[in-house]
Amino acid sequence: MPAAQHELVLYSRDEHVVTITLNRPEKRNAFNAELVKELRAALLRFEADDDAFVAVLTGSGPCFSSGADVGERQIRSVAEFDRLGGPQEPDAHTADLLARLPKSKPIVAAVHGVVMGLGMGVAFECDLVVADSQTRFQITETPRGLGGARFWALLHFCGGGSFATEVALTGRFFSAAEAAAAGIVGSIAPPGSVVETATALARQIAANPPLSVQATVRARRWFMDQAERAAMAITDPMKLYLTEDFREALAAHLEKRKPRPFRGR
């Protein structure tokens, strides 16, 4: 089946395996509301296709995703943050992309370049992650002043243990090799072959009875969703996106300078 290009997402199917590609390379596949909605539409298309058993999710250009689109989602007035309840629009929240899919078909993330912030959340919510050996990951919310509790819960659920706590508290970049050693990346691909490696894995999964596979995916996603939502329920009331520290971290990022000393308020 030929690839059909949407505004922000590419979608194609070869036999029982679908490839979904984030297609905003000029913004390093940063998530704005439109990209989230287009990705949701592609995932629902995958779920509705009875001949599609497994999907591979990847990104075009030099990286999988640099995370949230700072210009569209974080440069907001206090009133707008208050109205939306945070940086993400309620109808375009990345936490709702996979956990609520009705058929629970498996999705393999094929990541490369950098995988940051919201992009990391989307990748690790996929049922398996295959990473190019040169991939770097970062929980950008921590140094940005937004807090990385949701991503700590996600990585901890994936088996990251104390490694998940370290990278959530420091906000440092970590490598594909570290992620694999911590058990949160299933396999590492040679440079430039991550999609092919992920597709081979997807074909192995697609060879099994679809409903049997979906039963495991459904259980995994339920427990994953509970872990993430528990973390968000604890930290969302802090409204970190309204703090002085967040404003300073954001300004430093936009001005490409080191942040001034944070004040804890």
# chains A, B, ... in the order shown; residues from 1 in each chain; ligands from 1

$ residues_around --residues "region 114-118 of chain A" --least-positions-apart "3" --cutoff "8 Å" --atoms "only C-alpha atoms" --output "number ranges by chain"
A: 31, 63-68, 94, 111, 121-123, 135-141

$ closest_atom_pairs --of "region 31-73 of chain A" --to "region 253-257 of chain A" --cutoff "12 Å" --atoms "only C-alpha atoms" --output "tab-separated table"
residue	atom	partner	partner_atom	distance
A:Asp69	CA	A:Leu254	CA	11.9
A:Val70	CA	A:Leu254	CA	8.7
A:Gly71	CA	A:Leu254	CA	9.0

$ write_last_selection --atoms "C-alpha atoms" --output "mmCIF file, in the first residue's frame"
data_model
loop_
_atom_site.group_PDB
_atom_site.id
_atom_site.type_symbol
_atom_site.label_atom_id
_atom_site.label_comp_id
_atom_site.auth_asym_id
_atom_site.auth_seq_id
_atom_site.Cartn_x
_atom_site.Cartn_y
_atom_site.Cartn_z
ATOM 1 C CA ASP A 69 7.013 22.834 20.936
ATOM 2 C CA VAL A 70 8.273 25.476 23.349
ATOM 3 C CA GLY A 71 7.074 28.384 21.225
#

$ closest_atom_pairs --of "region 95-205 of chain A" --to "region 224-236 of chain A" --cutoff "7 Å" --atoms "only C-alpha atoms" --output "Markdown table"
| residue | atom | partner | partner_atom | distance |
| --- | --- | --- | --- | --- |
| A:Ala99 | CA | A:Asp225 | CA | 6.2 |
| A:Ala149 | CA | A:Ala231 | CA | 5.8 |
| A:Arg150 | CA | A:Glu228 | CA | 5.2 |
| A:Ala153 | CA | A:Glu228 | CA | 5.5 |
| A:Leu154 | CA | A:Glu228 | CA | 6.0 |
| A:Phe157 | CA | A:Met224 | CA | 6.5 |

$ write_last_selection --atoms "N, CA, C and O atoms" --output "PDB file, in the first residue's frame"
ATOM      1  N   ALA A  99      -2.987   4.957  25.791  1.00  0.00           N
ATOM      2  CA  ALA A  99      -3.663   4.188  26.836  1.00  0.00           C
ATOM      3  C   ALA A  99      -5.146   3.987  26.547  1.00  0.00           C
ATOM      4  O   ALA A  99      -5.738   3.002  26.991  1.00  0.00           O
ATOM      5  N   ALA A 149       7.898  13.962  37.108  1.00  0.00           N
ATOM      6  CA  ALA A 149       7.256  12.855  37.829  1.00  0.00           C
ATOM      7  C   ALA A 149       6.583  11.866  36.889  1.00  0.00           C
ATOM      8  O   ALA A 149       6.687  10.646  37.069  1.00  0.00           O
ATOM      9  N   ARG A 150       5.866  12.380  35.886  1.00  0.00           N
ATOM     10  CA  ARG A 150       5.179  11.469  34.959  1.00  0.00           C
ATOM     11  C   ARG A 150       6.189  10.566  34.254  1.00  0.00           C
ATOM     12  O   ARG A 150       5.969   9.359  34.126  1.00  0.00           O
ATOM     13  N   ALA A 153       7.671   7.964  36.573  1.00  0.00           N
ATOM     14  CA  ALA A 153       6.743   6.848  36.752  1.00  0.00           C
ATOM     15  C   ALA A 153       6.756   5.926  35.542  1.00  0.00           C
ATOM     16  O   ALA A 153       6.730   4.696  35.670  1.00  0.00           O
ATOM     17  N   LEU A 154       6.827   6.518  34.348  1.00  0.00           N
ATOM     18  CA  LEU A 154       6.837   5.719  33.127  1.00  0.00           C
ATOM     19  C   LEU A 154       8.096   4.870  33.030  1.00  0.00           C
ATOM     20  O   LEU A 154       8.029   3.665  32.765  1.00  0.00           O
ATOM     21  N   PHE A 157       8.096   2.180  35.666  1.00  0.00           N
ATOM     22  CA  PHE A 157       7.205   1.097  35.254  1.00  0.00           C
ATOM     23  C   PHE A 157       7.881   0.202  34.222  1.00  0.00           C
ATOM     24  O   PHE A 157       7.717  -1.019  34.232  1.00  0.00           O
TER      25      PHE A 157
END

$ residues_around --residues "Ile107 (chain A)" --least-positions-apart "2" --cutoff "7 Å" --atoms "only C-alpha atoms" --output "ChimeraX atom specification"
/A:54-57,105,109,126-128

$ atom_distance --atom1 "CA of Asn32 (chain A)" --atom2 "CA of Pro143 (chain A)"
20.1 Å

$ atom_distance --atom1 "CA of Val78 (chain A)" --atom2 "CA of Tyr241 (chain A)"
8.6 Å

$ residues_around --residues "region 162-165 of chain A" --least-positions-apart "5" --cutoff "9 Å" --atoms "only C-alpha atoms" --output "PyMOL selection string"
chain A and resi 151-156+170+178-179+182

$ select_by_dssp --residues "region 43-135 of chain A" --states "alpha helix (DSSP H)" --output "list in words"
Leu43, Leu44, Arg45, Phe46, Glu47, Ala48, Val70, Gly71, Glu72, Arg73, Val78, Ala79, Glu80, Phe81, Asp82, Arg83, Leu84, Gly117, Leu118, Gly119, Met120, Gly121, Val122, Ala123, Phe124 and Glu125 of chain A

$ write_last_selection --atoms "C-alpha atoms" --output "PDB file, in the first residue's frame"
ATOM      1  CA  LEU A  43      -3.306   5.638  15.547  1.00  0.00           C
ATOM      2  CA  LEU A  44      -7.089   5.360  15.237  1.00  0.00           C
ATOM      3  CA  ARG A  45      -6.693   4.566  11.530  1.00  0.00           C
ATOM      4  CA  PHE A  46      -4.277   1.777  12.493  1.00  0.00           C
ATOM      5  CA  GLU A  47      -6.705   0.433  15.077  1.00  0.00           C
ATOM      6  CA  ALA A  48      -9.611   0.476  12.614  1.00  0.00           C
ATOM      7  CA  VAL A  70       8.273  25.476  23.349  1.00  0.00           C
ATOM      8  CA  GLY A  71       7.074  28.384  21.225  1.00  0.00           C
ATOM      9  CA  GLU A  72       3.509  27.097  21.008  1.00  0.00           C
ATOM     10  CA  ARG A  73       3.027  25.314  24.324  1.00  0.00           C
ATOM     11  CA  VAL A  78      -0.527  32.946  33.369  1.00  0.00           C
ATOM     12  CA  ALA A  79      -4.191  33.385  32.407  1.00  0.00           C
ATOM     13  CA  GLU A  80      -3.836  31.003  29.460  1.00  0.00           C
ATOM     14  CA  PHE A  81      -2.017  28.382  31.564  1.00  0.00           C
ATOM     15  CA  ASP A  82      -4.792  28.687  34.126  1.00  0.00           C
ATOM     16  CA  ARG A  83      -7.500  28.308  31.489  1.00  0.00           C
ATOM     17  CA  LEU A  84      -5.875  25.242  29.900  1.00  0.00           C
ATOM     18  CA  GLY A 117      10.416  15.439  27.033  1.00  0.00           C
ATOM     19  CA  LEU A 118       6.993  14.686  25.586  1.00  0.00           C
ATOM     20  CA  GLY A 119       8.658  12.776  22.756  1.00  0.00           C
ATOM     21  CA  MET A 120      10.234  10.473  25.321  1.00  0.00           C
ATOM     22  CA  GLY A 121       6.850   9.958  26.942  1.00  0.00           C
ATOM     23  CA  VAL A 122       5.299   8.943  23.615  1.00  0.00           C
ATOM     24  CA  ALA A 123       8.198   6.597  22.811  1.00  0.00           C
ATOM     25  CA  PHE A 124       8.197   4.750  26.135  1.00  0.00           C
ATOM     26  CA  GLU A 125       4.429   4.462  26.211  1.00  0.00           C
TER      27      GLU A 125
END

$ closest_residue --among "A:Asp50, A:Gly145, A:Thr21, A:Val108" --to "Ala202 (chain A)" --atoms "only C-alpha atoms"
A:Val108

$ residues_around --residues "region 34-40 of chain A" --least-positions-apart "5" --cutoff "9 Å" --atoms "only C-alpha atoms" --output "list in words"
His6, Glu7, Leu8, Val9, Ile20, Thr21, Leu22, Asn23, Arg24, Asn29, Arg45, Asp91, Ala92, His93, Thr94, Asp96, Leu97 and Leu98 of chain A

$ atom_distance --atom1 "CA of Ser212 (chain A)" --atom2 "CA of Phe53 (chain A)"
11.3 Å

$ closest_residue --among "A:Arg218, A:Ala249, A:Pro261, A:Pro106" --to "Thr142 (chain A)" --atoms "only C-alpha atoms"
A:Ala249

$ closest_residue --among "A:Gly59, A:Ala189, A:Glu196, A:Leu146" --to "Lys27 (chain A)" --atoms "only C-alpha atoms"
A:Gly59

$ residues_around --residues "Gly186 (chain A)" --least-positions-apart "2" --cutoff "7 Å" --atoms "only C-alpha atoms" --output "ChimeraX atom specification"
/A:128-130,180,183-184

$ write_last_selection --atoms "C-alpha atoms" --output "tab-separated table (two decimals), in the first residue's frame"
chain	number	residue	atom	x	y	z
A	128	LEU	CA	8.54	-1.89	22.81
A	129	VAL	CA	11.36	0.55	22.04
A	130	VAL	CA	14.13	-0.04	19.50
A	180	ALA	CA	19.25	-0.79	27.25
A	183	GLY	CA	16.01	-2.52	30.63
A	184	ILE	CA	13.87	0.30	29.27
